[in-house]
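J.: Would you mind keeping the following structure in view while I ask a few things?
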Amino acid sequence: MNWQNIGRYYVVVMMEAIENAAFISLGRASGFAGLFIFTLMVGLSFDPPVATRVGGLLGIGVWLILMLYGWRATSRPYKRTEAWMILPKDLRPPAVVAQRMIGRALHDTAFWFARRVAIVSGFLLVSSVVLNFH
């Protein structure tokens, strides 16, 4: 039996679990922010240009928060992250590499969500301008 390949397999499984935990953590936060913005836009739906402008501007705020979180993710203590708490104990990396692995996963995931929020916010702001001309 080749123990070196088993070790590589375990690292791949561990990294996948870390990425999934980061995605769940940031996805939940982004989803609640999106739900708030959507609910506010429905409340303002009597004036579509205002609703789309407010949605776009709040989306830019969420984008900014995600970018700041991504930039700070590599230096934030890994044991204080939601991703660490989500990870099963048997798939948690050793402390020597945990900071780098979890920080990097949170960094990449925050930027992934930030890109999508920026696209939706841009669409809402363009929609607001178009609706103002109607």
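Each chain in the structure tokens gets a letter, A, B and so on, in the order shown; residues start at 1 in every chain, and ligands are counted from 1 in the order they appear.
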Find the residues near region 72-74 of chain A: any atom within 7 Å, counting only C-alpha atoms, skip ones fewer than 6 places away on the same chain, and give them as an mmCIF file with C-alpha atoms, in the first residue's frame.
T.:
data_model
loop_
_atom_site.group_PDB
_atom_site.id
_atom_site.type_symbol
_atom_site.label_atom_id
_atom_site.label_comp_id
_atom_site.auth_asym_id
_atom_site.auth_seq_id
_atom_site.Cartn_x
_atom_site.Cartn_y
_atom_site.Cartn_z
ATOM 1 C CA ARG A 100 -3.009 29.467 5.786
ATOM 2 C CA GLY A 103 -7.562 31.972 5.450
ATOM 3 C CA ARG A 104 -6.948 31.247 1.784
ATOM 4 C CA LEU A 106 -12.164 32.323 3.004
ATOM 5 C CA HIS A 107 -10.230 34.847 0.898
#
J.: Determine, for each residue of region 56-91 of chain A having at least one atom at most 8 Å from an atom of region 26-40 of chain A, the closest pair of atoms and their separation in Å to one decimal, counting only C-alpha atoms; order by chain and ascending number, as CSV.
T.:
residue,atom,partner,partner_atom,distance
A:Leu58,CA,A:Ile37,CA,6.9
A:Gly59,CA,A:Ile37,CA,7.6
A:Val62,CA,A:Ala33,CA,7.3
J.: Go ahead and save the residues from that selection, with N, CA and C atoms, as a CSV table (one decimal), in the first residue's frame.
T.:
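Dumped to selection35.csv:
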chain,number,residue,atom,x,y,z
A,58,LEU,N,-27.2,49.3,-2.0
A,58,LEU,CA,-27.0,48.4,-0.9
A,58,LEU,C,-26.1,47.2,-1.3
A,59,GLY,N,-26.3,46.8,-2.6
A,59,GLY,CA,-25.4,45.7,-3.1
A,59,GLY,C,-23.9,46.2,-3.1
A,62,VAL,N,-22.6,45.7,0.3
A,62,VAL,CA,-22.3,44.3,0.5
A,62,VAL,C,-21.1,43.9,-0.2
J.: Would you pick out the contacts of Met41 (chain A) at 10 Å or less, using only C-alpha atoms, so that residues sharing its chain but fewer than 2 positions from it are not included, and give the list as a ChimeraX atom specification?
T.: /A:35-39,43-48,50-56
J.: Run DSSP on the backbone and grab whatever in chain A lands in alpha helix (DSSP H); send it over as a ChimeraX atom specification.
T.: /A:3-43,48-72,82-86,95-132
J.: By how many Å are CA of Leu66 (chain A) and CA of Pro93 (chain A) apart?
T.: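 Value for the CA of Leu66 (chain A)-CA of Pro93 (chain A) distance: 24.7 Å.
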J.: Here is a test: counting only C-alpha atoms, which residue of A:Arg116, A:Leu91, A:Leu125, A:Met67 is nearest to Met15 (chain A)?
T.: A:Leu91
J.: With only C-alpha atoms as the counted atoms, please give the residues lying no more than 9 Å from Ala114 (chain A), apart from itself and same-chain residues fewer than 2 positions off, as a list in words.
T.: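 The neighbour list is Val62, Trp63, Leu64, Ile65, Leu66, Met67, Gly70, Thr109, Ala110, Phe111, Trp112, Arg116, Val117, Ala118 and Ile119 of chain A.
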J.: Would you please work out which residue, of A:Glu16, A:Leu68, A:Ser121, A:Asp108, is nearest to Arg92 (chain A) when using only C-alpha atoms?
T.: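 Ranked by minimum distance to Arg92 (chain A), first place goes to A:Glu16.
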J.: For a test of reading the model, state the distance in Å between CA of Val13 (chain A) and CA of Ala95 (chain A), rounded to one decimal.
T.: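 It comes out at 17.1 Å.
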J.: So that I can check the surroundings of Leu87 (chain A), please list as an NGL selection string every protein, DNA and RNA residue that reaches within 10 Å of it, counting only C-alpha atoms and ignoring chain neighbours fewer than 2 positions away.
T.: :A and (14 or 17-22 or 82-85 or 89-93)
J.: Calculated over only C-alpha atoms, which of the candidates A:Val42, A:Ile102, A:Val12, A:Val120 has the smallest distance to Arg76 (chain A)?
T.: A:Ile102
J.: If I take CA of Ala98 (chain A) and CA of Tyr10 (chain A), how far is one from the other in Å, to one decimal?
T.: 14.4 Å
